[in-house]
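One file, work23.txt, carrying compact mmCIF, C-alpha atoms:
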# COMPACT_ATOMS: atom_id res chain seq x y z
CA THR B 1 -0.97 -1.69 -1.12
CA ALA B 2 -1.14 -5.00 -2.98
CA LEU B 3 1.53 -6.48 -0.71
CA CYS B 4 -0.31 -5.35 2.40
CA ARG B 5 -3.52 -6.95 1.11
CA ALA B 6 -1.70 -10.21 0.39
CA LEU B 7 -0.07 -10.31 3.81
CA ALA B 8 -3.29 -9.38 5.59
CA ALA B 9 -5.08 -12.21 3.79
CA ASP B 10 -2.47 -14.58 5.25
CA GLY B 11 -3.19 -13.31 8.75
CA ALA B 12 -0.16 -11.04 9.18
CA ARG B 13 -0.16 -8.10 11.56
CA LEU B 14 1.14 -5.06 9.71
CA VAL B 15 3.06 -1.93 10.61
CA VAL B 16 2.78 0.41 7.62
CA ALA B 17 4.77 3.57 7.01
CA GLY B 18 5.18 6.16 4.30
CA ARG B 19 5.27 9.86 3.54
CA ASP B 20 1.54 10.33 2.93
CA ALA B 21 -0.45 10.09 6.16
CA ALA B 22 -3.77 10.24 4.29
CA LYS B 23 -2.86 7.21 2.18
CA LEU B 24 -1.79 5.33 5.29
CA ASP B 25 -5.11 6.13 6.94
CA ALA B 26 -6.99 4.88 3.89
CA LEU B 27 -4.93 1.68 3.82
CA ALA B 28 -5.53 1.08 7.52
CA ALA B 29 -9.25 1.63 7.05
CA ALA B 30 -9.34 -0.84 4.15
CA LEU B 31 -7.40 -3.57 5.96
CA GLY B 32 -8.97 -3.09 9.38
CA PRO B 33 -7.40 -4.86 12.37
CA ALA B 34 -4.56 -6.28 10.25
CA VAL B 35 -2.86 -2.87 10.54
CA VAL B 36 -1.64 -2.58 14.12
CA HIS B 37 0.32 0.64 13.62
CA ARG B 38 0.92 3.27 10.96
CA ALA B 39 3.53 6.01 10.87
CA ALA B 40 4.28 8.90 8.54
CA LEU B 41 8.02 9.06 7.92
CA ASP B 42 10.76 9.74 5.40
CA ALA B 43 12.08 6.31 4.40
CA THR B 44 15.44 7.81 3.42
CA ARG B 45 16.16 8.79 7.03
CA PHE B 46 18.18 6.10 8.81
CA ASP B 47 17.06 7.18 12.27
CA ALA B 48 13.37 7.26 11.35
CA VAL B 49 13.40 3.76 9.85
CA GLU B 50 15.42 2.35 12.73
CA THR B 51 13.03 3.86 15.27
CA LEU B 52 10.01 2.45 13.42
CA VAL B 53 11.39 -1.10 13.42
CA THR B 54 12.61 -0.91 17.01
CA GLU B 55 9.28 0.38 18.28
CA ALA B 56 7.36 -2.21 16.26
CA ALA B 57 9.36 -5.00 17.89
CA ARG B 58 8.92 -3.48 21.33
CA ALA B 59 5.15 -3.03 20.95
CA HIS B 60 4.18 -6.10 18.94
CA GLY B 61 6.88 -8.72 19.43
CA PRO B 62 9.41 -10.12 16.93
CA VAL B 63 9.30 -8.58 13.48
CA ALA B 64 9.09 -11.38 10.94
CA GLY B 65 9.81 -9.30 7.88
CA LEU B 66 10.53 -5.87 6.48
CA ALA B 67 9.60 -4.79 2.94
CA ASN B 68 10.87 -1.63 1.29
CA CYS B 69 8.52 -0.60 -1.53
CA VAL B 70 9.92 2.87 -2.18
CA GLY B 71 10.79 3.95 -5.69
CA SER B 72 10.51 6.51 -8.47
CA LEU B 73 10.54 6.68 -12.24
CA LEU B 74 12.78 9.29 -13.87
CA LEU B 75 12.94 8.79 -17.63
CA LYS B 76 15.74 11.01 -18.91
CA PRO B 77 19.08 10.49 -20.62
CA ALA B 78 22.09 11.26 -18.44
CA HIS B 79 22.92 14.55 -20.17
CA LEU B 80 19.46 15.96 -19.38
CA THR B 81 19.40 14.78 -15.77
CA THR B 82 20.18 17.37 -13.13
CA GLN B 83 22.24 16.57 -10.08
CA ALA B 84 19.18 17.19 -7.90
CA GLU B 85 17.13 14.70 -9.93
CA PHE B 86 19.86 12.08 -9.75
CA GLU B 87 20.34 12.52 -6.01
CA GLN B 88 16.60 12.29 -5.42
CA THR B 89 16.35 9.11 -7.49
CA VAL B 90 19.23 7.49 -5.60
CA ALA B 91 17.78 8.58 -2.26
CA GLN B 92 14.33 7.21 -3.00
CA SER B 93 15.43 3.84 -4.32
CA LEU B 94 18.85 3.06 -2.85
CA THR B 95 19.11 5.10 0.35
CA SER B 96 15.70 3.93 1.52
CA ALA B 97 16.66 0.31 0.78
CA PHE B 98 19.91 0.72 2.71
CA ALA B 99 17.99 2.25 5.63
CA ALA B 100 15.70 -0.79 5.69
CA VAL B 101 18.60 -3.26 5.65
CA ARG B 102 20.40 -1.26 8.32
CA ALA B 103 17.35 -1.28 10.61
CA ALA B 104 16.82 -5.00 10.06
CA GLY B 105 20.48 -5.66 10.81
CA LYS B 106 20.04 -3.98 14.18
CA THR B 107 16.69 -5.50 15.17
CA LEU B 108 15.72 -8.55 13.11
CA ALA B 109 19.24 -10.01 13.11
CA ALA B 110 19.21 -9.86 16.91
CA GLN B 111 16.06 -12.01 17.10
CA PRO B 112 16.62 -15.77 17.63
CA GLU B 113 14.25 -16.49 14.75
CA GLY B 114 15.90 -13.95 12.47
CA GLY B 115 13.61 -12.62 9.76
CA SER B 116 13.40 -11.48 6.17
CA VAL B 117 14.04 -8.27 4.24
CA VAL B 118 12.61 -7.80 0.75
CA LEU B 119 13.69 -4.91 -1.44
CA VAL B 120 12.51 -3.77 -4.87
CA ALA B 121 14.97 -3.40 -7.74
CA SER B 122 14.05 -3.24 -11.44
CA ALA B 123 14.65 -5.15 -14.65
CA ALA B 124 16.05 -1.84 -15.92
CA ALA B 125 19.12 -2.40 -13.72
CA ARG B 126 20.28 -5.20 -16.03
CA LEU B 127 18.56 -4.82 -19.39
CA GLY B 128 20.02 -1.55 -20.64
CA LEU B 129 16.88 0.49 -21.35
CA ALA B 130 17.21 3.88 -23.02
CA ASN B 131 16.58 6.95 -20.85
CA HIS B 132 16.74 4.93 -17.62
CA GLU B 133 20.27 5.92 -16.52
CA ALA B 134 19.41 7.32 -13.08
CA ILE B 135 16.86 4.72 -12.07
CA ALA B 136 19.00 1.89 -13.51
CA ALA B 137 22.00 3.06 -11.50
CA ALA B 138 19.96 3.30 -8.29
CA LYS B 139 18.26 -0.07 -8.76
CA ALA B 140 21.54 -1.78 -9.68
CA GLY B 141 22.76 -0.49 -6.33
CA VAL B 142 19.78 -2.21 -4.67
CA ILE B 143 20.81 -5.51 -6.30
CA GLY B 144 24.39 -5.11 -5.07
CA LEU B 145 23.14 -4.20 -1.59
CA THR B 146 20.94 -7.31 -1.57
CA LEU B 147 23.77 -9.66 -2.51
CA SER B 148 26.17 -8.25 0.07
CA ALA B 149 23.64 -8.01 2.90
CA ALA B 150 22.42 -11.55 2.23
CA ALA B 151 25.97 -12.79 2.76
CA THR B 152 26.51 -10.61 5.83
CA TYR B 153 23.40 -11.63 7.75
CA ALA B 154 22.80 -15.22 6.66
CA ALA B 155 24.50 -16.64 9.74
CA LYS B 156 22.06 -14.66 11.89
CA ARG B 157 19.05 -16.16 10.10
CA LEU B 158 18.23 -12.84 8.45
CA ARG B 159 17.43 -13.37 4.76
CA VAL B 160 17.76 -10.49 2.29
CA ASN B 161 16.18 -10.72 -1.16
CA CYS B 162 14.94 -8.36 -3.82
CA VAL B 163 12.46 -8.57 -6.66
CA ALA B 164 13.26 -6.91 -9.98
CA PRO B 165 10.04 -6.48 -11.96
CA GLY B 166 9.60 -5.31 -15.50
CA LEU B 167 6.89 -2.78 -16.26
CA VAL B 168 4.00 -3.01 -13.79
CA ARG B 169 0.67 -1.24 -14.11
CA THR B 170 0.66 1.29 -11.27
CA PRO B 171 -0.12 5.01 -10.96
CA LEU B 172 3.65 5.64 -11.15
CA THR B 173 3.90 4.04 -14.60
CA ALA B 174 0.67 5.49 -16.01
CA ARG B 175 2.49 7.83 -18.35
CA ILE B 176 4.06 4.79 -20.03
CA THR B 177 1.08 2.44 -19.99
CA GLY B 178 -1.17 5.31 -21.05
CA SER B 179 0.76 5.73 -24.31
CA PRO B 180 -0.18 3.00 -26.85
CA PRO B 181 3.22 3.06 -28.65
CA ALA B 182 5.12 2.90 -25.34
CA GLU B 183 2.86 0.16 -24.04
CA GLN B 184 3.31 -1.92 -27.19
CA ALA B 185 7.09 -1.53 -27.03
CA SER B 186 6.99 -2.69 -23.40
CA LEU B 187 4.73 -5.64 -24.19
CA ALA B 188 7.23 -6.83 -26.80
CA MET B 189 9.86 -7.17 -24.05
CA HIS B 190 7.67 -9.34 -21.79
CA ALA B 191 7.78 -13.07 -22.44
CA LEU B 192 4.23 -13.56 -21.17
CA GLY B 193 2.91 -10.99 -23.61
CA ARG B 194 1.39 -8.85 -20.89
CA LEU B 195 2.50 -6.24 -18.41
CA GLY B 196 2.79 -7.01 -14.73
CA ASP B 197 0.10 -6.29 -12.17
CA PRO B 198 0.87 -5.22 -8.59
CA GLU B 199 -0.51 -8.54 -7.37
CA ASP B 200 2.16 -10.41 -9.37
CA VAL B 201 4.95 -8.66 -7.51
CA ALA B 202 3.12 -8.76 -4.18
CA ALA B 203 2.77 -12.55 -4.37
CA MET B 204 6.52 -13.01 -4.78
CA MET B 205 7.33 -10.53 -2.03
CA ALA B 206 4.87 -12.20 0.35
CA PHE B 207 6.51 -15.57 -0.37
CA LEU B 208 9.99 -14.15 0.33
CA LEU B 209 8.77 -12.57 3.56
CA GLY B 210 7.43 -15.93 4.74
CA PRO B 211 9.45 -18.62 6.50
Would you encode the structure as structure tokens?
Amino acid sequence: TALCRALAADGARLVVAGRDAAKLDALAAALGPAVVHRAALDATRFDAVETLVTEAARAHGPVAGLANCVGSLLLKPAHLTTQAEFEQTVAQSLTSAFAAVRAAGKTLAAQPEGGSVVLVASAAARLGLANHEAIAAAKAGVIGLTLSAAATYAAKRLRVNCVAPGLVRTPLTARITGSPPAEQASLAMHALGRLGDPEDVAAMMAFLLGP
């Protein structure tokens, strides 16, 4: 939502997609004419993401950028994580990111002006945080995907980047930020002495999506 607000403020036309149609409707209502299309879809489905990007280009002209803001937060040690939980975590973070890169490689890379893909990893992929095994593995995969795809598509003017935030205050992280001991432990790991806000991450993503 913060990214969409930032892009809309810069005059972008937005195609928004996600699993929750009601949330998409609310976002479209809040941003008004900046949202030119919205679609309910499963971001882990290659065909659904490809169709979305293809139809956006067909209906609205060249797609300047594609952002994948899908993720989850499973806080469990490996020995307590079920296979279903692990597979869901990988699907939400890594499979959805791969689907976005794949769709951009088919559509944005074919545009003369190229474009930009921005993915979301996590500081947990590199820091070694306890009880983050599943999410760290998935987000480390996003970093590897970013590096490889950036090399693959650079010659076609398609840039691929990812942001890797620390703890950000969102509804997803409320169970951490809502616990004073957990919040204090997190604050101690942030050089600025504060947790991130969605607008912090959105500003960087908007910059990377720009020319």
Problem set entry | Within 6 Å of file point (11.5, 1.4, -0.1), counting all atoms listed in the file, expressed as a list of chain:residue names | B:Asn68, B:Cys69, B:Val70, B:Ser96, B:Ala97
Problem set entry | Close residues, B:Ala140 itself excluded, 8 Å, all atoms listed in the file, min 3 positions apart in chain, as a VMD selection string | chain B and resid 121 to 122 125 to 126 136 to 137 143 to 144
For this session: Rounded to one decimal place, report the atom CA of B:Ala138-atom CA of B:Ala206 distance in Å.
Result: 23.3 Å
For this session: For stretch 113-116 of chain B, work out the shell of residues within 12 Å, counting all atoms listed in the file and skipping chain neighbours fewer than 5 positions away, then give it as a VMD selection string.
Result: chain B and resid 57 61 to 68 100 to 101 103 to 108 146 149 to 150 153 to 162 205 to 211
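For the pair atom CA of B:Ala124 and atom CA of B:Ala202, the interatomic distance is 18.8 Å.
Between atom CA of B:Pro165 and atom CA of B:Val16 the separation is 22.0 Å.
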Problem set entry | Polymer residues at most 9 Å from (10.6, 7.6, 8.3) by only C-alpha atoms, as a list in words | Ala17, Gly18, Arg19, Ala39, Ala40, Leu41, Asp42, Ala43, Thr44, Arg45, Phe46, Asp47, Ala48, Val49, Glu50, Thr51 and Leu52 of chain B
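Minimum atom-to-atom distances from B:Asp200, B:Glu55, B:Glu133, B:Asp25 to B:His79 were compared using all atoms listed in the file, and the lowest value belongs to B:Glu133.
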Seminar exercise, completed: Between B:Ala34, B:Ala91, B:Ala109, B:Ile135, smallest distance to B:Ala78 by all atoms listed in the file belongs to B:Ile135
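For the set B:Val118, B:Ala174, B:Leu147, B:Leu31, the residue with the smallest atom-to-atom gap to B:Gly11 is B:Leu31, counting all atoms listed in the file.
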Problem set entry | Nearby residues (only C-alpha atoms) at most 7 Å from B:Asn131, same-chain spacing under 6 positions excluded, as a PyMOL selection string | chain B and resi 75-77
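Nearest residue to B:Pro198 among B:Ser179, B:Ser186, B:Thr170, B:Gln83 is B:Thr170, counting all atoms listed in the file.
Residue nearest B:Phe86, chosen from B:Val53, B:Glu183, B:Ala134, B:Leu24 and counting all atoms listed in the file: B:Ala134.
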Kindly list the centre and edge lengths in Å, rounded to one decimal, for the axis-aligned box that covers all listed atoms of stretch 161-172 of chain B plus 3 Å on each of its six sides, as JSON.
{"center_x": 8.0, "center_y": -2.5, "center_z": -8.7, "size_x": 22.3, "size_y": 22.4, "size_z": 21.1}
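For the residues B:Leu129, B:Val142, B:Met189, B:Ala203, ranking by smallest atom-to-atom distance to B:Gln92 using all atoms listed in the file places B:Val142 first.
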For this session: Tell me which protein, DNA and RNA residues are within 12 Å of B:Ala26, counting all atoms listed in the file, leaving out same-chain ones fewer than 3 positions away, and put them as a PyMOL selection string.
Result: chain B and resi 1+16+20-23+29-32+35+38
Since fewer atoms than expected are present, regenerate N, CA, C and O atoms for stretch 86-112 of chain B and write them as a PDB file, keeping the file's coordinate frame.
ATOM      1  N   PHE B  86      19.115  13.314  -9.983  1.00  0.00           N
ATOM      2  CA  PHE B  86      19.860  12.080  -9.750  1.00  0.00           C
ATOM      3  C   PHE B  86      19.916  11.759  -8.259  1.00  0.00           C
ATOM      4  O   PHE B  86      19.677  10.615  -7.847  1.00  0.00           O
ATOM      5  N   GLU B  87      20.232  12.747  -7.450  1.00  0.00           N
ATOM      6  CA  GLU B  87      20.340  12.520  -6.010  1.00  0.00           C
ATOM      7  C   GLU B  87      19.003  12.095  -5.418  1.00  0.00           C
ATOM      8  O   GLU B  87      18.948  11.239  -4.521  1.00  0.00           O
ATOM      9  N   GLN B  88      17.915  12.681  -5.913  1.00  0.00           N
ATOM     10  CA  GLN B  88      16.600  12.290  -5.420  1.00  0.00           C
ATOM     11  C   GLN B  88      16.267  10.855  -5.806  1.00  0.00           C
ATOM     12  O   GLN B  88      15.729  10.086  -4.996  1.00  0.00           O
ATOM     13  N   THR B  89      16.603  10.474  -7.031  1.00  0.00           N
ATOM     14  CA  THR B  89      16.350   9.110  -7.490  1.00  0.00           C
ATOM     15  C   THR B  89      17.131   8.099  -6.652  1.00  0.00           C
ATOM     16  O   THR B  89      16.594   7.065  -6.236  1.00  0.00           O
ATOM     17  N   VAL B  90      18.399   8.382  -6.409  1.00  0.00           N
ATOM     18  CA  VAL B  90      19.230   7.490  -5.600  1.00  0.00           C
ATOM     19  C   VAL B  90      18.700   7.420  -4.166  1.00  0.00           C
ATOM     20  O   VAL B  90      18.635   6.343  -3.561  1.00  0.00           O
ATOM     21  N   ALA B  91      18.298   8.567  -3.634  1.00  0.00           N
ATOM     22  CA  ALA B  91      17.780   8.580  -2.260  1.00  0.00           C
ATOM     23  C   ALA B  91      16.513   7.739  -2.146  1.00  0.00           C
ATOM     24  O   ALA B  91      16.371   6.922  -1.230  1.00  0.00           O
ATOM     25  N   GLN B  92      15.600   7.923  -3.091  1.00  0.00           N
ATOM     26  CA  GLN B  92      14.330   7.210  -3.000  1.00  0.00           C
ATOM     27  C   GLN B  92      14.508   5.704  -3.140  1.00  0.00           C
ATOM     28  O   GLN B  92      13.907   4.935  -2.379  1.00  0.00           O
ATOM     29  N   SER B  93      15.306   5.275  -4.077  1.00  0.00           N
ATOM     30  CA  SER B  93      15.430   3.840  -4.320  1.00  0.00           C
ATOM     31  C   SER B  93      16.513   3.152  -3.497  1.00  0.00           C
ATOM     32  O   SER B  93      16.269   2.111  -2.885  1.00  0.00           O
ATOM     33  N   LEU B  94      17.707   3.733  -3.479  1.00  0.00           N
ATOM     34  CA  LEU B  94      18.850   3.060  -2.850  1.00  0.00           C
ATOM     35  C   LEU B  94      19.016   3.428  -1.381  1.00  0.00           C
ATOM     36  O   LEU B  94      19.224   2.545  -0.545  1.00  0.00           O
ATOM     37  N   THR B  95      18.938   4.703  -1.056  1.00  0.00           N
ATOM     38  CA  THR B  95      19.110   5.100   0.350  1.00  0.00           C
ATOM     39  C   THR B  95      18.022   4.501   1.218  1.00  0.00           C
ATOM     40  O   THR B  95      18.295   4.018   2.331  1.00  0.00           O
ATOM     41  N   SER B  96      16.790   4.506   0.736  1.00  0.00           N
ATOM     42  CA  SER B  96      15.700   3.930   1.520  1.00  0.00           C
ATOM     43  C   SER B  96      15.900   2.423   1.709  1.00  0.00           C
ATOM     44  O   SER B  96      15.620   1.880   2.777  1.00  0.00           O
ATOM     45  N   ALA B  97      16.396   1.750   0.668  1.00  0.00           N
ATOM     46  CA  ALA B  97      16.660   0.310   0.780  1.00  0.00           C
ATOM     47  C   ALA B  97      17.771   0.050   1.804  1.00  0.00           C
ATOM     48  O   ALA B  97      17.685  -0.879   2.614  1.00  0.00           O
ATOM     49  N   PHE B  98      18.812   0.879   1.759  1.00  0.00           N
ATOM     50  CA  PHE B  98      19.910   0.720   2.710  1.00  0.00           C
ATOM     51  C   PHE B  98      19.409   0.966   4.134  1.00  0.00           C
ATOM     52  O   PHE B  98      19.783   0.247   5.077  1.00  0.00           O
ATOM     53  N   ALA B  99      18.547   1.957   4.302  1.00  0.00           N
ATOM     54  CA  ALA B  99      17.990   2.250   5.630  1.00  0.00           C
ATOM     55  C   ALA B  99      17.198   1.055   6.154  1.00  0.00           C
ATOM     56  O   ALA B  99      17.251   0.733   7.353  1.00  0.00           O
ATOM     57  N   ALA B 100      16.472   0.380   5.270  1.00  0.00           N
ATOM     58  CA  ALA B 100      15.700  -0.790   5.690  1.00  0.00           C
ATOM     59  C   ALA B 100      16.616  -1.939   6.110  1.00  0.00           C
ATOM     60  O   ALA B 100      16.399  -2.574   7.144  1.00  0.00           O
ATOM     61  N   VAL B 101      17.655  -2.197   5.313  1.00  0.00           N
ATOM     62  CA  VAL B 101      18.600  -3.260   5.650  1.00  0.00           C
ATOM     63  C   VAL B 101      19.321  -2.934   6.963  1.00  0.00           C
ATOM     64  O   VAL B 101      19.510  -3.801   7.823  1.00  0.00           O
ATOM     65  N   ARG B 102      19.705  -1.686   7.104  1.00  0.00           N
ATOM     66  CA  ARG B 102      20.400  -1.260   8.320  1.00  0.00           C
ATOM     67  C   ARG B 102      19.533  -1.484   9.551  1.00  0.00           C
ATOM     68  O   ARG B 102      19.999  -2.008  10.578  1.00  0.00           O
ATOM     69  N   ALA B 103      18.253  -1.102   9.473  1.00  0.00           N
ATOM     70  CA  ALA B 103      17.350  -1.280  10.610  1.00  0.00           C
ATOM     71  C   ALA B 103      17.133  -2.761  10.910  1.00  0.00           C
ATOM     72  O   ALA B 103      17.107  -3.177  12.076  1.00  0.00           O
ATOM     73  N   ALA B 104      17.000  -3.562   9.856  1.00  0.00           N
ATOM     74  CA  ALA B 104      16.820  -5.000  10.060  1.00  0.00           C
ATOM     75  C   ALA B 104      18.071  -5.630  10.668  1.00  0.00           C
ATOM     76  O   ALA B 104      17.979  -6.530  11.506  1.00  0.00           O
ATOM     77  N   GLY B 105      19.235  -5.148  10.258  1.00  0.00           N
ATOM     78  CA  GLY B 105      20.480  -5.660  10.810  1.00  0.00           C
ATOM     79  C   GLY B 105      20.615  -5.387  12.294  1.00  0.00           C
ATOM     80  O   GLY B 105      21.268  -6.142  13.026  1.00  0.00           O
ATOM     81  N   LYS B 106      19.987  -4.302  12.751  1.00  0.00           N
ATOM     82  CA  LYS B 106      20.040  -3.980  14.180  1.00  0.00           C
ATOM     83  C   LYS B 106      18.980  -4.713  14.993  1.00  0.00           C
ATOM     84  O   LYS B 106      19.222  -5.084  16.141  1.00  0.00           O
ATOM     85  N   THR B 107      17.810  -4.939  14.409  1.00  0.00           N
ATOM     86  CA  THR B 107      16.690  -5.500  15.170  1.00  0.00           C
ATOM     87  C   THR B 107      16.382  -6.940  14.784  1.00  0.00           C
ATOM     88  O   THR B 107      16.399  -7.836  15.629  1.00  0.00           O
ATOM     89  N   LEU B 108      16.101  -7.203  13.502  1.00  0.00           N
ATOM     90  CA  LEU B 108      15.720  -8.550  13.110  1.00  0.00           C
ATOM     91  C   LEU B 108      16.866  -9.543  13.269  1.00  0.00           C
ATOM     92  O   LEU B 108      16.657 -10.697  13.656  1.00  0.00           O
ATOM     93  N   ALA B 109      18.090  -9.102  12.991  1.00  0.00           N
ATOM     94  CA  ALA B 109      19.240 -10.010  13.110  1.00  0.00           C
ATOM     95  C   ALA B 109      19.515 -10.377  14.565  1.00  0.00           C
ATOM     96  O   ALA B 109      20.186 -11.376  14.831  1.00  0.00           O
ATOM     97  N   ALA B 110      19.006  -9.573  15.487  1.00  0.00           N
ATOM     98  CA  ALA B 110      19.210  -9.860  16.910  1.00  0.00           C
ATOM     99  C   ALA B 110      18.148 -10.812  17.457  1.00  0.00           C
ATOM    100  O   ALA B 110      18.267 -11.287  18.585  1.00  0.00           O
ATOM    101  N   GLN B 111      17.114 -11.096  16.673  1.00  0.00           N
ATOM    102  CA  GLN B 111      16.060 -12.010  17.100  1.00  0.00           C
ATOM    103  C   GLN B 111      16.514 -13.464  16.890  1.00  0.00           C
ATOM    104  O   GLN B 111      17.120 -13.782  15.864  1.00  0.00           O
ATOM    105  N   PRO B 112      16.224 -14.363  17.815  1.00  0.00           N
ATOM    106  CA  PRO B 112      16.620 -15.770  17.630  1.00  0.00           C
ATOM    107  C   PRO B 112      16.083 -16.371  16.343  1.00  0.00           C
ATOM    108  O   PRO B 112      16.742 -17.197  15.710  1.00  0.00           O
TER     109      PRO B 112
END
